[in-house]
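Below is the file run.txt, which contains compact mmCIF, N, CA and C atoms.
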```txt
# COMPACT_ATOMS: atom_id res chain seq x y z
N MET D 30 -58.46 137.47 25.69
CA MET D 30 -58.33 136.70 24.47
C MET D 30 -59.11 135.39 24.55
N ILE D 31 -59.19 134.82 25.73
CA ILE D 31 -59.79 133.49 25.85
C ILE D 31 -61.22 133.41 25.32
N PRO D 32 -62.10 134.38 25.61
CA PRO D 32 -63.46 134.26 25.05
C PRO D 32 -63.46 134.13 23.53
N ASN D 33 -62.54 134.80 22.85
CA ASN D 33 -62.47 134.70 21.39
C ASN D 33 -62.07 133.29 20.95
N LEU D 34 -61.23 132.64 21.75
CA LEU D 34 -60.76 131.30 21.40
C LEU D 34 -61.82 130.23 21.60
N LEU D 35 -62.89 130.57 22.31
CA LEU D 35 -63.96 129.62 22.58
C LEU D 35 -65.01 129.58 21.47
N VAL D 36 -64.92 130.50 20.52
CA VAL D 36 -65.86 130.53 19.41
C VAL D 36 -65.46 129.46 18.40
N ASP D 37 -66.43 128.62 18.01
CA ASP D 37 -66.16 127.55 17.05
C ASP D 37 -65.47 128.09 15.80
N GLY D 38 -64.38 127.44 15.44
CA GLY D 38 -63.66 127.76 14.22
C GLY D 38 -62.56 128.79 14.36
N ILE D 39 -62.60 129.58 15.43
CA ILE D 39 -61.58 130.63 15.58
C ILE D 39 -60.18 130.05 15.77
N PRO D 40 -59.97 129.11 16.70
CA PRO D 40 -58.60 128.57 16.84
C PRO D 40 -58.08 127.96 15.53
N GLU D 41 -58.94 127.26 14.81
CA GLU D 41 -58.51 126.64 13.55
C GLU D 41 -58.14 127.71 12.52
N ALA D 42 -58.91 128.80 12.48
CA ALA D 42 -58.61 129.89 11.55
C ALA D 42 -57.29 130.55 11.90
N ILE D 43 -57.04 130.69 13.19
CA ILE D 43 -55.77 131.29 13.62
C ILE D 43 -54.61 130.40 13.18
N VAL D 44 -54.72 129.11 13.39
CA VAL D 44 -53.66 128.18 13.01
C VAL D 44 -53.43 128.21 11.50
N ARG D 45 -54.51 128.26 10.72
CA ARG D 45 -54.39 128.26 9.25
C ARG D 45 -53.79 129.55 8.71
N SER D 46 -53.92 130.61 9.45
CA SER D 46 -53.44 131.91 8.98
C SER D 46 -51.92 131.90 8.84
N ALA D 47 -51.46 132.56 7.80
CA ALA D 47 -50.01 132.70 7.57
C ALA D 47 -49.43 133.81 8.44
N ALA D 48 -50.27 134.51 9.18
CA ALA D 48 -49.82 135.63 10.02
C ALA D 48 -48.90 135.13 11.13
N HIS D 49 -48.03 135.99 11.57
CA HIS D 49 -47.16 135.72 12.72
C HIS D 49 -48.02 135.94 13.96
N LYS D 50 -48.15 134.92 14.80
CA LYS D 50 -49.04 134.99 15.97
C LYS D 50 -48.25 135.36 17.21
N VAL D 51 -48.63 136.48 17.83
CA VAL D 51 -47.89 137.06 18.93
C VAL D 51 -48.80 137.29 20.12
N TYR D 52 -48.28 137.00 21.30
CA TYR D 52 -48.99 137.29 22.55
C TYR D 52 -48.17 138.31 23.33
N PHE D 53 -48.80 139.40 23.73
CA PHE D 53 -48.16 140.39 24.59
C PHE D 53 -48.51 140.01 26.02
N SER D 54 -47.53 139.58 26.76
CA SER D 54 -47.75 139.08 28.11
C SER D 54 -48.27 140.16 29.05
N ASN D 55 -49.12 139.74 29.97
CA ASN D 55 -49.62 140.64 31.00
C ASN D 55 -48.45 141.20 31.80
N LEU D 56 -48.65 142.39 32.33
CA LEU D 56 -47.63 143.00 33.19
C LEU D 56 -47.80 142.56 34.64
N MET D 57 -49.06 142.45 35.08
CA MET D 57 -49.37 142.18 36.48
C MET D 57 -50.36 141.02 36.57
N TRP D 58 -50.38 140.38 37.76
CA TRP D 58 -51.42 139.38 38.04
C TRP D 58 -52.76 140.10 38.07
N GLN D 59 -53.80 139.35 37.80
CA GLN D 59 -55.17 139.83 37.99
C GLN D 59 -55.71 139.04 39.17
N PRO D 60 -55.74 139.66 40.36
CA PRO D 60 -56.15 138.93 41.56
C PRO D 60 -57.47 138.19 41.38
N GLY D 61 -57.46 136.94 41.80
CA GLY D 61 -58.64 136.10 41.68
C GLY D 61 -58.77 135.41 40.34
N GLU D 62 -58.00 135.86 39.35
CA GLU D 62 -58.05 135.25 38.01
C GLU D 62 -56.71 134.62 37.63
N THR D 63 -55.66 135.41 37.74
CA THR D 63 -54.34 134.92 37.29
C THR D 63 -53.28 135.09 38.37
N THR D 64 -53.68 135.01 39.62
CA THR D 64 -52.74 135.12 40.73
C THR D 64 -51.66 134.04 40.59
N GLN D 65 -50.43 134.45 40.70
CA GLN D 65 -49.24 133.61 40.60
C GLN D 65 -48.99 133.06 39.20
N PHE D 66 -49.71 133.54 38.18
CA PHE D 66 -49.45 133.11 36.81
C PHE D 66 -48.14 133.71 36.32
N THR D 67 -47.33 132.88 35.67
CA THR D 67 -46.15 133.34 34.96
C THR D 67 -46.56 133.55 33.50
N ALA D 68 -45.67 134.13 32.71
CA ALA D 68 -45.96 134.28 31.28
C ALA D 68 -46.24 132.92 30.63
N PRO D 69 -45.44 131.87 30.93
CA PRO D 69 -45.78 130.56 30.36
C PRO D 69 -47.15 130.04 30.81
N ASP D 70 -47.56 130.35 32.03
CA ASP D 70 -48.90 129.95 32.48
C ASP D 70 -49.98 130.60 31.63
N HIS D 71 -49.79 131.87 31.30
CA HIS D 71 -50.76 132.57 30.44
C HIS D 71 -50.83 131.90 29.07
N VAL D 72 -49.67 131.57 28.51
CA VAL D 72 -49.62 130.92 27.20
C VAL D 72 -50.32 129.56 27.27
N ARG D 73 -50.03 128.78 28.33
CA ARG D 73 -50.68 127.47 28.47
C ARG D 73 -52.19 127.60 28.56
N ALA D 74 -52.67 128.62 29.27
CA ALA D 74 -54.11 128.85 29.38
C ALA D 74 -54.71 129.13 28.01
N LEU D 75 -54.02 129.91 27.19
CA LEU D 75 -54.50 130.18 25.84
C LEU D 75 -54.55 128.88 25.03
N TYR D 76 -53.48 128.10 25.10
CA TYR D 76 -53.44 126.83 24.38
C TYR D 76 -54.53 125.87 24.86
N ASP D 77 -54.72 125.79 26.17
CA ASP D 77 -55.73 124.89 26.72
C ASP D 77 -57.13 125.25 26.23
N HIS D 78 -57.43 126.53 26.19
CA HIS D 78 -58.77 126.95 25.76
C HIS D 78 -58.94 126.84 24.24
N ALA D 79 -57.86 127.05 23.51
CA ALA D 79 -57.93 126.93 22.05
C ALA D 79 -57.90 125.48 21.60
N GLY D 80 -57.31 124.62 22.43
CA GLY D 80 -57.16 123.22 22.06
C GLY D 80 -56.03 122.98 21.09
N VAL D 81 -55.19 123.99 20.90
CA VAL D 81 -54.08 123.88 19.95
C VAL D 81 -53.03 124.93 20.31
N GLU D 82 -51.76 124.59 20.05
CA GLU D 82 -50.68 125.55 20.24
C GLU D 82 -50.60 126.39 18.96
N PHE D 83 -50.68 127.69 19.10
CA PHE D 83 -50.79 128.52 17.91
C PHE D 83 -49.87 129.74 17.87
N LEU D 84 -49.13 130.01 18.92
CA LEU D 84 -48.31 131.21 18.97
C LEU D 84 -46.92 131.00 18.38
N ASP D 85 -46.38 132.07 17.82
CA ASP D 85 -45.01 132.07 17.31
C ASP D 85 -44.08 132.80 18.27
N SER D 86 -44.59 133.89 18.87
CA SER D 86 -43.76 134.75 19.71
C SER D 86 -44.54 135.25 20.93
N VAL D 87 -43.78 135.63 21.93
CA VAL D 87 -44.33 136.28 23.12
C VAL D 87 -43.51 137.53 23.38
N VAL D 88 -44.20 138.64 23.61
CA VAL D 88 -43.53 139.89 23.94
C VAL D 88 -43.67 140.09 25.45
N VAL D 89 -42.54 140.30 26.11
CA VAL D 89 -42.54 140.48 27.56
C VAL D 89 -41.94 141.83 27.92
N ASN D 90 -42.39 142.37 29.04
CA ASN D 90 -41.88 143.64 29.53
C ASN D 90 -40.50 143.45 30.15
N THR D 91 -39.60 144.38 29.85
CA THR D 91 -38.26 144.32 30.43
C THR D 91 -38.01 145.46 31.42
N ARG D 92 -38.93 146.39 31.50
CA ARG D 92 -38.74 147.54 32.39
C ARG D 92 -39.25 147.21 33.78
N PRO D 93 -38.42 147.42 34.79
CA PRO D 93 -38.90 147.19 36.16
C PRO D 93 -40.06 148.12 36.48
N ILE D 94 -41.03 147.58 37.19
CA ILE D 94 -42.18 148.38 37.59
C ILE D 94 -41.79 149.15 38.85
N PRO D 95 -41.99 150.46 38.84
CA PRO D 95 -41.56 151.29 39.98
C PRO D 95 -42.21 150.85 41.30
N ALA D 96 -41.45 150.99 42.37
CA ALA D 96 -41.92 150.60 43.71
C ALA D 96 -43.22 151.30 44.07
N SER D 97 -43.38 152.54 43.65
CA SER D 97 -44.61 153.28 43.96
C SER D 97 -45.84 152.59 43.37
N LEU D 98 -45.71 152.05 42.17
CA LEU D 98 -46.82 151.31 41.56
C LEU D 98 -47.02 149.96 42.26
N LEU D 99 -45.92 149.29 42.55
CA LEU D 99 -45.99 147.97 43.17
C LEU D 99 -46.70 148.01 44.53
N ARG D 100 -46.49 149.08 45.29
CA ARG D 100 -47.14 149.20 46.60
C ARG D 100 -48.66 149.21 46.44
N GLY D 101 -49.17 149.93 45.48
CA GLY D 101 -50.61 149.97 45.26
C GLY D 101 -51.17 148.62 44.84
N TYR D 102 -50.44 147.91 44.01
CA TYR D 102 -50.88 146.59 43.58
C TYR D 102 -50.78 145.57 44.70
N ALA D 103 -49.78 145.69 45.53
CA ALA D 103 -49.59 144.74 46.64
C ALA D 103 -50.80 144.75 47.56
N ALA D 104 -51.40 145.91 47.76
CA ALA D 104 -52.59 146.00 48.60
C ALA D 104 -53.75 145.20 48.02
N GLN D 105 -53.73 144.97 46.71
CA GLN D 105 -54.77 144.19 46.04
C GLN D 105 -54.36 142.72 45.86
N GLY D 106 -53.16 142.39 46.31
CA GLY D 106 -52.67 141.02 46.16
C GLY D 106 -52.10 140.73 44.78
N ALA D 107 -51.69 141.77 44.08
CA ALA D 107 -51.16 141.61 42.73
C ALA D 107 -49.66 141.88 42.70
N LYS D 108 -48.97 141.12 41.88
CA LYS D 108 -47.53 141.29 41.66
C LYS D 108 -47.26 141.24 40.16
N PRO D 109 -46.05 141.64 39.76
CA PRO D 109 -45.71 141.55 38.34
C PRO D 109 -45.67 140.09 37.87
N VAL D 110 -46.03 139.88 36.63
CA VAL D 110 -45.95 138.55 36.01
C VAL D 110 -44.48 138.21 35.81
N ASP D 111 -44.08 137.03 36.26
CA ASP D 111 -42.72 136.53 36.03
C ASP D 111 -42.63 136.07 34.58
N ASN D 112 -41.71 136.65 33.82
CA ASN D 112 -41.60 136.32 32.40
C ASN D 112 -41.15 134.89 32.14
N ASP D 113 -40.29 134.33 32.97
CA ASP D 113 -39.77 132.97 32.81
C ASP D 113 -39.42 132.68 31.34
N ILE D 114 -38.50 133.46 30.85
CA ILE D 114 -38.10 133.39 29.44
C ILE D 114 -37.61 132.01 29.06
N GLU D 115 -36.88 131.36 29.94
CA GLU D 115 -36.35 130.02 29.64
C GLU D 115 -37.48 129.04 29.31
N THR D 116 -38.54 129.05 30.09
CA THR D 116 -39.66 128.15 29.83
C THR D 116 -40.38 128.52 28.53
N LEU D 117 -40.55 129.81 28.29
CA LEU D 117 -41.18 130.23 27.03
C LEU D 117 -40.39 129.72 25.83
N GLU D 118 -39.07 129.83 25.92
CA GLU D 118 -38.22 129.35 24.82
C GLU D 118 -38.31 127.82 24.68
N LYS D 119 -38.38 127.11 25.80
CA LYS D 119 -38.54 125.65 25.75
C LYS D 119 -39.87 125.26 25.13
N MET D 120 -40.85 126.16 25.21
CA MET D 120 -42.16 125.92 24.59
C MET D 120 -42.11 126.18 23.09
N GLY D 121 -40.93 126.57 22.59
CA GLY D 121 -40.78 126.80 21.15
C GLY D 121 -41.15 128.21 20.71
N LEU D 122 -41.23 129.12 21.66
CA LEU D 122 -41.63 130.49 21.34
C LEU D 122 -40.43 131.42 21.23
N LYS D 123 -40.50 132.33 20.29
CA LYS D 123 -39.50 133.40 20.21
C LYS D 123 -39.92 134.43 21.25
N VAL D 124 -38.99 134.82 22.12
CA VAL D 124 -39.28 135.78 23.17
C VAL D 124 -38.69 137.13 22.78
N ILE D 125 -39.53 138.14 22.82
CA ILE D 125 -39.12 139.49 22.47
C ILE D 125 -39.28 140.35 23.73
N GLY D 126 -38.19 140.90 24.20
CA GLY D 126 -38.23 141.76 25.37
C GLY D 126 -38.29 143.22 24.95
N ALA D 127 -39.13 143.99 25.63
CA ALA D 127 -39.27 145.41 25.31
C ALA D 127 -39.75 146.17 26.54
N ASP D 128 -39.47 147.46 26.54
CA ASP D 128 -39.98 148.34 27.59
C ASP D 128 -41.44 148.62 27.25
N LEU D 129 -42.34 147.81 27.78
CA LEU D 129 -43.76 147.93 27.47
C LEU D 129 -44.53 148.80 28.45
N LEU D 130 -43.90 149.20 29.53
CA LEU D 130 -44.61 149.87 30.61
C LEU D 130 -44.89 151.33 30.27
N ARG D 131 -46.16 151.66 30.22
CA ARG D 131 -46.56 153.06 30.02
C ARG D 131 -46.31 153.81 31.33
N ARG D 132 -45.82 154.99 31.22
CA ARG D 132 -45.56 155.82 32.40
C ARG D 132 -46.89 156.40 32.85
N ALA D 133 -47.50 155.76 33.86
CA ALA D 133 -48.82 156.18 34.32
C ALA D 133 -49.01 155.78 35.77
N VAL D 134 -50.24 155.96 36.24
CA VAL D 134 -50.58 155.64 37.62
C VAL D 134 -50.80 154.14 37.80
N LYS D 135 -51.14 153.45 36.72
CA LYS D 135 -51.34 152.00 36.76
C LYS D 135 -50.36 151.34 35.80
N ALA D 136 -50.06 150.07 36.05
CA ALA D 136 -49.17 149.32 35.16
C ALA D 136 -49.97 148.88 33.94
N ARG D 137 -49.73 149.55 32.84
CA ARG D 137 -50.42 149.25 31.58
C ARG D 137 -49.39 149.20 30.46
N HIS D 138 -49.74 148.48 29.38
CA HIS D 138 -48.88 148.45 28.21
C HIS D 138 -48.89 149.82 27.54
N ASP D 139 -47.73 150.23 27.07
CA ASP D 139 -47.62 151.44 26.27
C ASP D 139 -48.09 151.08 24.86
N SER D 140 -49.24 151.60 24.46
CA SER D 140 -49.84 151.19 23.19
C SER D 140 -48.96 151.55 22.00
N SER D 141 -48.22 152.65 22.06
CA SER D 141 -47.37 153.01 20.93
C SER D 141 -46.21 152.03 20.78
N VAL D 142 -45.64 151.58 21.89
CA VAL D 142 -44.56 150.59 21.85
C VAL D 142 -45.10 149.26 21.34
N ALA D 143 -46.24 148.83 21.87
CA ALA D 143 -46.84 147.57 21.44
C ALA D 143 -47.18 147.61 19.95
N ALA D 144 -47.73 148.73 19.49
CA ALA D 144 -48.07 148.87 18.07
C ALA D 144 -46.83 148.80 17.19
N ALA D 145 -45.76 149.48 17.61
CA ALA D 145 -44.52 149.46 16.82
C ALA D 145 -43.96 148.04 16.72
N ILE D 146 -44.02 147.30 17.81
CA ILE D 146 -43.54 145.91 17.79
C ILE D 146 -44.42 145.06 16.87
N ALA D 147 -45.73 145.22 16.99
CA ALA D 147 -46.66 144.44 16.15
C ALA D 147 -46.42 144.73 14.67
N ILE D 148 -46.23 145.99 14.33
CA ILE D 148 -45.99 146.35 12.92
C ILE D 148 -44.68 145.76 12.44
N GLU D 149 -43.63 145.86 13.24
CA GLU D 149 -42.33 145.30 12.84
C GLU D 149 -42.41 143.79 12.65
N LEU D 150 -43.09 143.09 13.56
CA LEU D 150 -43.23 141.64 13.42
C LEU D 150 -44.03 141.27 12.18
N ALA D 151 -45.09 142.02 11.91
CA ALA D 151 -45.91 141.76 10.71
C ALA D 151 -45.10 141.99 9.44
N GLN D 152 -44.34 143.08 9.41
CA GLN D 152 -43.51 143.37 8.23
C GLN D 152 -42.43 142.32 8.04
N SER D 153 -41.81 141.90 9.13
CA SER D 153 -40.77 140.87 9.06
C SER D 153 -41.35 139.55 8.56
N ALA D 154 -42.51 139.17 9.07
CA ALA D 154 -43.15 137.93 8.63
C ALA D 154 -43.51 138.01 7.15
N ARG D 155 -43.99 139.16 6.72
CA ARG D 155 -44.35 139.34 5.30
C ARG D 155 -43.10 139.21 4.41
N ARG D 156 -41.99 139.83 4.85
CA ARG D 156 -40.75 139.71 4.07
C ARG D 156 -40.31 138.25 3.97
N LYS D 157 -40.38 137.50 5.06
CA LYS D 157 -39.98 136.09 5.06
C LYS D 157 -40.88 135.28 4.14
N ARG D 158 -42.19 135.53 4.18
CA ARG D 158 -43.11 134.81 3.30
C ARG D 158 -42.79 135.08 1.84
N ARG D 159 -42.50 136.33 1.53
CA ARG D 159 -42.18 136.69 0.14
C ARG D 159 -40.88 136.03 -0.32
N GLN D 160 -39.90 135.92 0.59
CA GLN D 160 -38.65 135.26 0.25
C GLN D 160 -38.89 133.78 -0.04
N VAL D 161 -39.71 133.15 0.79
CA VAL D 161 -40.03 131.73 0.59
C VAL D 161 -40.79 131.55 -0.72
N GLU D 162 -41.75 132.42 -0.97
CA GLU D 162 -42.52 132.34 -2.21
C GLU D 162 -41.63 132.54 -3.44
N ALA D 163 -40.66 133.43 -3.32
CA ALA D 163 -39.76 133.70 -4.45
C ALA D 163 -38.88 132.50 -4.76
N ARG D 164 -38.55 131.70 -3.74
CA ARG D 164 -37.72 130.51 -3.95
C ARG D 164 -38.53 129.30 -4.39
N SER D 165 -39.84 129.34 -4.18
CA SER D 165 -40.69 128.19 -4.52
C SER D 165 -41.07 128.26 -5.98
N PRO D 166 -41.09 127.08 -6.64
CA PRO D 166 -41.54 127.09 -8.03
C PRO D 166 -43.00 127.51 -8.08
N ARG D 167 -43.31 128.36 -9.01
CA ARG D 167 -44.68 128.85 -9.15
C ARG D 167 -45.54 127.78 -9.80
N ARG D 168 -46.75 127.66 -9.30
CA ARG D 168 -47.69 126.73 -9.92
C ARG D 168 -48.26 127.41 -11.16
N GLN D 169 -48.26 126.69 -12.22
CA GLN D 169 -48.82 127.25 -13.43
C GLN D 169 -50.33 127.11 -13.38
N ARG D 170 -50.99 128.18 -13.80
CA ARG D 170 -52.45 128.15 -13.83
C ARG D 170 -52.91 127.37 -15.03
N LYS D 171 -53.84 126.52 -14.79
CA LYS D 171 -54.42 125.76 -15.90
C LYS D 171 -55.58 126.54 -16.45
N GLU D 172 -55.57 126.66 -17.77
CA GLU D 172 -56.67 127.35 -18.43
C GLU D 172 -57.88 126.43 -18.47
N PRO D 173 -59.06 126.97 -18.21
CA PRO D 173 -60.26 126.13 -18.25
C PRO D 173 -60.51 125.63 -19.68
N LYS D 174 -60.97 124.40 -19.77
CA LYS D 174 -61.28 123.82 -21.07
C LYS D 174 -62.60 124.39 -21.55
N SER D 175 -62.63 124.73 -22.87
CA SER D 175 -63.87 125.28 -23.41
C SER D 175 -64.72 124.23 -24.05
```
Take the structure in the file and give it back as structure tokens.
Amino acid sequence: MIPNLLVDGIPEAIVRSAAHKVYFSNLMWQPGETTQFTAPDHVRALYDHAGVEFLDSVVVNTRPIPASLLRGYAAQGAKPVDNDIETLEKMGLKVIGADLLRRAVKARHDSSVAAAIAIELAQSARRKRRQVEARSPRRQRKEPKS
């Protein structure tokens, strides 16, 4: 995500958007890049590169990673990302826990689970916006003078 945040205007456009902004936390460290990073560390890195705090929610994995997978990662110096939910909440983020782990040879996000969460969050945000709009007085359109 970080390269996208380095493009002029992208962070500002993200902040201006009415969309619900969600980060799906990494499952594992990336040796040499994010070794010992917690979920809050990942969020801080995004904020630092964007120059602005822009997230509403963070989705974290709740399923333990099987020992068989962990052994393979340990040889590479990688461990699971510590979610540190308390710190994420102190950062003002809504934390959503889900079984994100795809049943595979590597620790990867289950794309169907992630997609279902993203759709539900988008639909929920849309419903909330519509409720707010329904309670707000409508601006009357001014007819152009001829």
Taking all atoms of range 103-106 of chain D that appear in the file, build a box with edges along x, y and z, extend it by 5 Å on every side, and state its centre and edge lengths in Å to one decimal, as AutoDock Vina command-line options.
```
--center_x -52.2 --center_y 143.4 --center_z 46.7 --size_x 15.2 --size_y 15.3 --size_z 13.8
```
- Could you please write out, as a PyMOL selection string, every residue of range 86-139 of chain D that DSSP assigns to helix (DSSP H, G or I)? chain D and resi 96-103+114-119
- Which residue gives the smallest distance to Ala79 in chain D among D:Asp111, D:Glu41, D:Asp128, D:Asp139, with all atoms listed in the file counted?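 Closest to Ala79 in chain D, using all atoms listed in the file: D:Glu41.
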- Message: Given only N, CA and C atoms as the basis, pick out the residue of D:Leu98, D:Leu130, D:Ile31, D:Ala104 nearest to Ala74 in chain D.
- Response: D:Ile31
Which range 62-102 of chain D residues have any atom within 5 Å of an atom of range 113-125 of chain D, and for each, what is the nearest pair of atoms with distance in Å to one decimal, counting all atoms listed in the file, rows sorted by chain and number, as CSV?
```
residue,atom,partner,partner_atom,distance
D:Asp85,C,D:Lys123,N,4.1
D:Ser86,CA,D:Lys123,N,4.1
D:Val87,C,D:Ile125,N,4.1
D:Val88,CA,D:Ile125,C,4.3
D:Val89,N,D:Ile125,C,4.0
```
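Each of D:Ser141, D:Gly106, D:Gly126, D:Arg159 was compared to Gly61 in chain D using all atoms listed in the file, and D:Gly106 turns out to be the nearest.
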- Item | Option closest in space to Leu99 in chain D, from D:Val142, D:Ala136, D:Val51, D:Ala151 [counting only N, CA and C atoms] |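 Of D:Val142, D:Ala136, D:Val51, D:Ala151, the one nearest Leu99 in chain D, counting only N, CA and C atoms, is D:Ala136.
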- Would you work out the distance separating atom C of Ala107 in chain D from CA of Ser54 in chain D, expressed in Å to one decimal?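 Rounded to one decimal, the two atoms are 15.0 Å apart.
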- Message: As an exercise, work out the distance from CA of Arg131 in chain D to CA of Ala96 in chain D in Å and give it to one decimal place.
- Response: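 Pair CA of Arg131 in chain D / CA of Ala96 in chain D returns 14.7 Å.
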- Task: Counting only C-alpha atoms, figure out which residue out of D:Ile43, D:Ala143, D:Ile94, D:Ile148 gets nearest to Gly80 in chain D.
- Result: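 Selected residue with least distance to Gly80 in chain D: D:Ile43.
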